[in-house]
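The next block holds one structure in the form of structure tokens; read it before the comments.
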Number of protein chains: 2
Amino acid sequence: MMSDQWLEEIQWTQEGLVPAIAQDAASGRVVMFAWMNRESLRKTRETGEAHYWSRSRGKLWHKGEESGHVQKVSSIRIDCDADVVLLGIEQAGGIACHTGRESCFYRELADGGWINKDAVLKDPREIYK
Amino acid sequence: MMSDQWLEEIQWTQEGLVPAIAQDAASGRVVMFAWMNRESLRKTRETGEAHYWSRSRGKLWHKGEESGHVQKVSSIRIDCDADVVLLGIEQAGGIACHTGRESCFYRELADGGWINKDAVLKDPREIYK
């Protein structure tokens with residue numbers, strides 16, 4: 001069993017959270033951003049699947065628990081200040097976003113507004129039944 | 001002149017900030033994470049170079065102002081909740097981190113600890129003279 005020293009080296013916020021970026025390890029696409037607490041990061045390492053902390057629901061969130069779009073984690077990195085986590089992941093279904101798109105970052109600034117750039121791969125009504 | 005409507009669509013925190021991820025547009029490497037306020041995001045668009053908000057110094061921060069390692073911005077995206085920004089950038093000098101590395105995310109979890117994975121490309125004493 002691994003000690004929790006690696007968790008203590010992280011600079012948690014006052015709320016006990018750390019921002020986490022999920023990047024598709026194969027395509028390099030940044031697919032989502034969320035928050036983690038100690039428990040979610042520990043579970044991410046133990047299970048090999050991304051767990052986050054849902055601030056809106058105030059609970060541990062196993063990504064894909066409803067949609068099936070789990071994230072298999074191949075690497076866990078931290079930044080120079082040890083206050084941001086970067087996950088290398090393999091995205092089940094190729095869909096990370098609840099809108100049915102590959103990535104949550106599907107809007108790009110152009111001509112003075114945010115333009116949808118990415119296709120919906122699956123109707124959300126088919127994802128969340 | 002562009003209206004600020006696109007800025008108002010962003011879900012700013014209570015402190016008026018939004019998290020920003022900088023990704024090298026060519027290599028796909030996530031190189032850093034920082035925060036932006038309205039002014040820094042507006043300046044980023046206007047100048048084509050990344051500006052952030054330094055929470056520790058409490059001031060606008062033109063990335064590279066001291067080191068010369070500016071970030072030329074090729075795209076600005078937001079996520080589905082409009083509360084995270086993703087910049088596609090070209091990194092001057094190929095160094096984003098103040099430690100002299102390409103990316104701030106140079107440590108990876110392995111064997112129970114955080115392991116340095118990336119080389120220092122330039123001595124920080126040569127960067128910040």
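All residue names refer to the structure tokens as shown: chains lettered A, B, ... in order, residues numbered from 1 in each chain, ligands numbered from 1 in order.
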
At most 9 Å to chain A: residues in chain B, only C-alpha atoms, as number ranges by chain: B: 2-6, 9, 19, 21, 23, 27-33, 75-82, 84-86, 97-99, 103-114

Filtering to N, CA and C atoms, could you give me those residues as a compact mmCIF listing (two decimals), in the first residue's frame?
# COMPACT_ATOMS: atom_id res chain seq x y z
N MET B 2 -14.73 45.68 -31.27
CA MET B 2 -15.58 44.58 -30.87
C MET B 2 -16.29 44.92 -29.55
N SER B 3 -17.56 44.58 -29.44
CA SER B 3 -18.26 44.78 -28.16
C SER B 3 -17.76 43.76 -27.14
N ASP B 4 -18.12 43.98 -25.87
CA ASP B 4 -17.64 43.08 -24.82
C ASP B 4 -18.63 41.95 -24.51
N GLN B 5 -19.60 41.77 -25.39
CA GLN B 5 -20.60 40.74 -25.16
C GLN B 5 -19.95 39.36 -24.91
N TRP B 6 -18.95 39.05 -25.71
CA TRP B 6 -18.27 37.74 -25.57
C TRP B 6 -17.65 37.58 -24.17
N GLU B 9 -20.36 36.71 -21.53
CA GLU B 9 -20.90 35.34 -21.58
C GLU B 9 -20.12 34.38 -20.71
N PRO B 19 -10.39 30.34 -14.82
CA PRO B 19 -9.17 29.54 -15.01
C PRO B 19 -8.82 29.47 -16.50
N ILE B 21 -6.14 27.56 -19.38
CA ILE B 21 -5.17 26.52 -19.71
C ILE B 21 -4.46 26.95 -20.99
N GLN B 23 -2.15 25.69 -24.08
CA GLN B 23 -1.73 24.47 -24.77
C GLN B 23 -0.94 24.85 -26.02
N SER B 27 2.47 21.19 -30.71
CA SER B 27 2.79 19.90 -30.09
C SER B 27 1.63 19.30 -29.32
N GLY B 28 0.65 20.13 -28.94
CA GLY B 28 -0.46 19.64 -28.13
C GLY B 28 -0.13 19.61 -26.65
N ARG B 29 1.07 19.93 -26.30
CA ARG B 29 1.49 19.90 -24.89
C ARG B 29 0.77 20.98 -24.07
N VAL B 30 0.19 20.57 -22.93
CA VAL B 30 -0.35 21.55 -21.99
C VAL B 30 0.84 22.13 -21.24
N VAL B 31 1.06 23.44 -21.35
CA VAL B 31 2.28 24.01 -20.80
C VAL B 31 2.08 24.77 -19.50
N MET B 32 0.89 25.33 -19.29
CA MET B 32 0.67 25.99 -18.00
C MET B 32 -0.81 26.23 -17.72
N PHE B 33 -1.07 26.61 -16.49
CA PHE B 33 -2.41 26.93 -16.02
C PHE B 33 -2.29 28.21 -15.22
N SER B 75 -5.69 30.61 -30.78
CA SER B 75 -7.13 30.33 -30.58
C SER B 75 -7.49 30.53 -29.12
N ILE B 76 -8.76 30.94 -28.90
CA ILE B 76 -9.31 31.09 -27.55
C ILE B 76 -10.61 30.31 -27.51
N ARG B 77 -10.67 29.30 -26.66
CA ARG B 77 -11.89 28.49 -26.54
C ARG B 77 -12.45 28.59 -25.13
N ILE B 78 -13.73 28.31 -24.99
CA ILE B 78 -14.32 28.15 -23.66
C ILE B 78 -15.05 26.81 -23.59
N ASP B 79 -15.27 26.36 -22.39
CA ASP B 79 -15.91 25.05 -22.24
C ASP B 79 -17.43 25.18 -22.16
N CYS B 80 -18.09 24.04 -22.02
CA CYS B 80 -19.55 23.98 -22.08
C CYS B 80 -20.22 24.85 -21.02
N ASP B 81 -19.59 25.00 -19.86
CA ASP B 81 -20.16 25.83 -18.80
C ASP B 81 -19.69 27.28 -18.89
N ALA B 82 -18.86 27.57 -19.89
CA ALA B 82 -18.32 28.92 -20.09
C ALA B 82 -17.59 29.43 -18.86
N VAL B 84 -14.26 28.05 -18.08
CA VAL B 84 -12.84 27.73 -18.24
C VAL B 84 -12.42 28.14 -19.64
N VAL B 85 -11.21 28.74 -19.75
CA VAL B 85 -10.67 29.17 -21.04
C VAL B 85 -9.52 28.26 -21.45
N LEU B 86 -9.47 27.92 -22.73
CA LEU B 86 -8.35 27.14 -23.28
C LEU B 86 -7.70 27.94 -24.39
N CYS B 97 7.71 27.36 -18.44
CA CYS B 97 7.83 27.29 -16.97
C CYS B 97 9.00 28.12 -16.45
N HIS B 98 8.78 28.71 -15.28
CA HIS B 98 9.83 29.54 -14.68
C HIS B 98 11.03 28.71 -14.22
N THR B 99 10.88 27.38 -14.25
CA THR B 99 12.01 26.50 -13.92
C THR B 99 12.90 26.25 -15.14
N SER B 103 7.20 22.85 -20.15
CA SER B 103 5.88 22.88 -19.52
C SER B 103 6.01 22.90 -18.01
N CYS B 104 5.02 23.52 -17.36
CA CYS B 104 4.98 23.49 -15.90
C CYS B 104 4.64 22.08 -15.38
N PHE B 105 4.07 21.25 -16.26
CA PHE B 105 3.64 19.91 -15.83
C PHE B 105 4.76 18.91 -16.10
N TYR B 106 5.84 19.03 -15.37
CA TYR B 106 7.01 18.19 -15.63
C TYR B 106 7.16 17.05 -14.62
N ARG B 107 6.28 16.98 -13.63
CA ARG B 107 6.35 15.91 -12.64
C ARG B 107 5.21 14.93 -12.79
N GLU B 108 5.55 13.65 -12.76
CA GLU B 108 4.54 12.61 -12.95
C GLU B 108 4.56 11.64 -11.78
N LEU B 109 3.37 11.19 -11.42
CA LEU B 109 3.25 10.25 -10.30
C LEU B 109 3.73 8.86 -10.73
N ALA B 110 4.69 8.31 -10.00
CA ALA B 110 5.21 6.96 -10.29
C ALA B 110 5.86 6.43 -9.03
N ASP B 111 5.65 5.14 -8.76
CA ASP B 111 6.28 4.50 -7.61
C ASP B 111 6.02 5.27 -6.31
N GLY B 112 4.82 5.84 -6.21
CA GLY B 112 4.46 6.48 -4.95
C GLY B 112 4.96 7.90 -4.76
N GLY B 113 5.55 8.48 -5.79
CA GLY B 113 6.03 9.86 -5.63
C GLY B 113 6.03 10.61 -6.95
N TRP B 114 6.29 11.90 -6.86
CA TRP B 114 6.31 12.76 -8.05
C TRP B 114 7.72 12.79 -8.63

Spatial neighbours of Gln71 of chain B, 7 Å, only C-alpha atoms, chain gap at least 6 places, as a list of chain:residue names: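 That gives B:Glu49, B:Ala50, B:Lys63, B:Ile89, B:Glu90, B:Gln91, B:Ala92.
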
DSSP helix (DSSP H, G or I) residues within segment 28-119 of chain A, listed as an NGL selection string: :A and (38-47 or 92-94)

Residue selection dump (C-alpha atoms) as a PDB file, in the first residue's frame:
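Written out: part.pdb:
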ATOM      1  CA  ARG A  38      -8.030  14.180  -1.799  1.00  0.00           C
ATOM      2  CA  GLU A  39     -10.498  11.326  -1.996  1.00  0.00           C
ATOM      3  CA  SER A  40     -11.131  11.754  -5.719  1.00  0.00           C
ATOM      4  CA  LEU A  41      -7.433  11.916  -6.539  1.00  0.00           C
ATOM      5  CA  ARG A  42      -6.696   8.891  -4.348  1.00  0.00           C
ATOM      6  CA  LYS A  43      -9.506   6.946  -6.013  1.00  0.00           C
ATOM      7  CA  THR A  44      -8.301   8.035  -9.445  1.00  0.00           C
ATOM      8  CA  ARG A  45      -4.918   6.504  -8.731  1.00  0.00           C
ATOM      9  CA  GLU A  46      -6.285   3.382  -7.066  1.00  0.00           C
ATOM     10  CA  THR A  47      -8.882   2.553  -9.713  1.00  0.00           C
ATOM     11  CA  ALA A  92     -14.500   5.819 -23.367  1.00  0.00           C
ATOM     12  CA  GLY A  93     -16.902   6.443 -26.230  1.00  0.00           C
ATOM     13  CA  GLY A  94     -14.721   9.302 -27.448  1.00  0.00           C
TER      14      GLY A  94
END

Residues within 12 Å of Lys59 of chain B, only C-alpha atoms, excluding chain neighbours under 3 positions, as a VMD selection string: chain B and resid 35 to 37 39 to 40 51 to 56 62 to 63

In segment 5-121 of chain B, DSSP strand (DSSP E or B) residues written as a ChimeraX atom specification: /B:17-24,30-37,49,51-54,59-62,71-78,85-91,107-110,113-116

Export C-alpha atoms of the chosen residues as a short mmCIF file (atom, residue, chain, number, x, y, z; two decimals), in the first residue's frame?
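Result went into out.cif, see below:
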data_model
loop_
_atom_site.label_atom_id
_atom_site.label_comp_id
_atom_site.auth_asym_id
_atom_site.auth_seq_id
_atom_site.Cartn_x
_atom_site.Cartn_y
_atom_site.Cartn_z
CA LEU B 17 -11.61 35.41 -12.51
CA VAL B 18 -11.66 32.45 -14.87
CA PRO B 19 -9.17 29.54 -15.01
CA ALA B 20 -7.09 29.42 -18.20
CA ILE B 21 -5.17 26.52 -19.71
CA ALA B 22 -2.38 27.20 -22.22
CA GLN B 23 -1.73 24.47 -24.77
CA ASP B 24 1.02 24.49 -27.39
CA VAL B 30 -0.35 21.55 -21.99
CA VAL B 31 2.28 24.01 -20.80
CA MET B 32 0.67 25.99 -18.00
CA PHE B 33 -2.41 26.93 -16.02
CA ALA B 34 -3.20 30.38 -14.68
CA TRP B 35 -6.08 32.75 -13.94
CA MET B 36 -7.50 35.61 -15.98
CA ASN B 37 -9.72 38.56 -15.22
CA GLU B 49 -0.34 37.55 -26.62
CA HIS B 51 -2.11 38.00 -20.42
CA TYR B 52 -3.07 36.55 -17.06
CA TRP B 53 -4.00 37.80 -13.62
CA SER B 54 -1.33 37.14 -11.02
CA LYS B 59 -1.76 42.51 -10.90
CA LEU B 60 -2.10 42.03 -14.62
CA TRP B 61 0.66 39.78 -15.92
CA HIS B 62 1.83 39.83 -19.50
CA GLN B 71 2.80 33.22 -25.76
CA LYS B 72 1.40 34.05 -29.19
CA VAL B 73 -2.27 33.10 -29.11
CA SER B 74 -3.78 31.32 -32.10
CA SER B 75 -7.13 30.33 -30.58
CA ILE B 76 -9.31 31.09 -27.55
CA ARG B 77 -11.89 28.49 -26.54
CA ILE B 78 -14.32 28.15 -23.66
CA VAL B 85 -10.67 29.17 -21.04
CA LEU B 86 -8.35 27.14 -23.28
CA LEU B 87 -5.69 29.02 -25.23
CA GLY B 88 -3.92 27.57 -28.26
CA ILE B 89 -0.48 29.16 -28.18
CA GLU B 90 2.94 29.31 -29.78
CA GLN B 91 5.50 29.43 -26.96
CA ARG B 107 6.35 15.91 -12.64
CA GLU B 108 4.54 12.61 -12.95
CA LEU B 109 3.25 10.25 -10.30
CA ALA B 110 5.21 6.96 -10.29
CA GLY B 113 6.03 9.86 -5.63
CA TRP B 114 6.31 12.76 -8.05
CA ILE B 115 9.14 12.18 -10.50
CA ASN B 116 10.77 14.86 -12.67
#
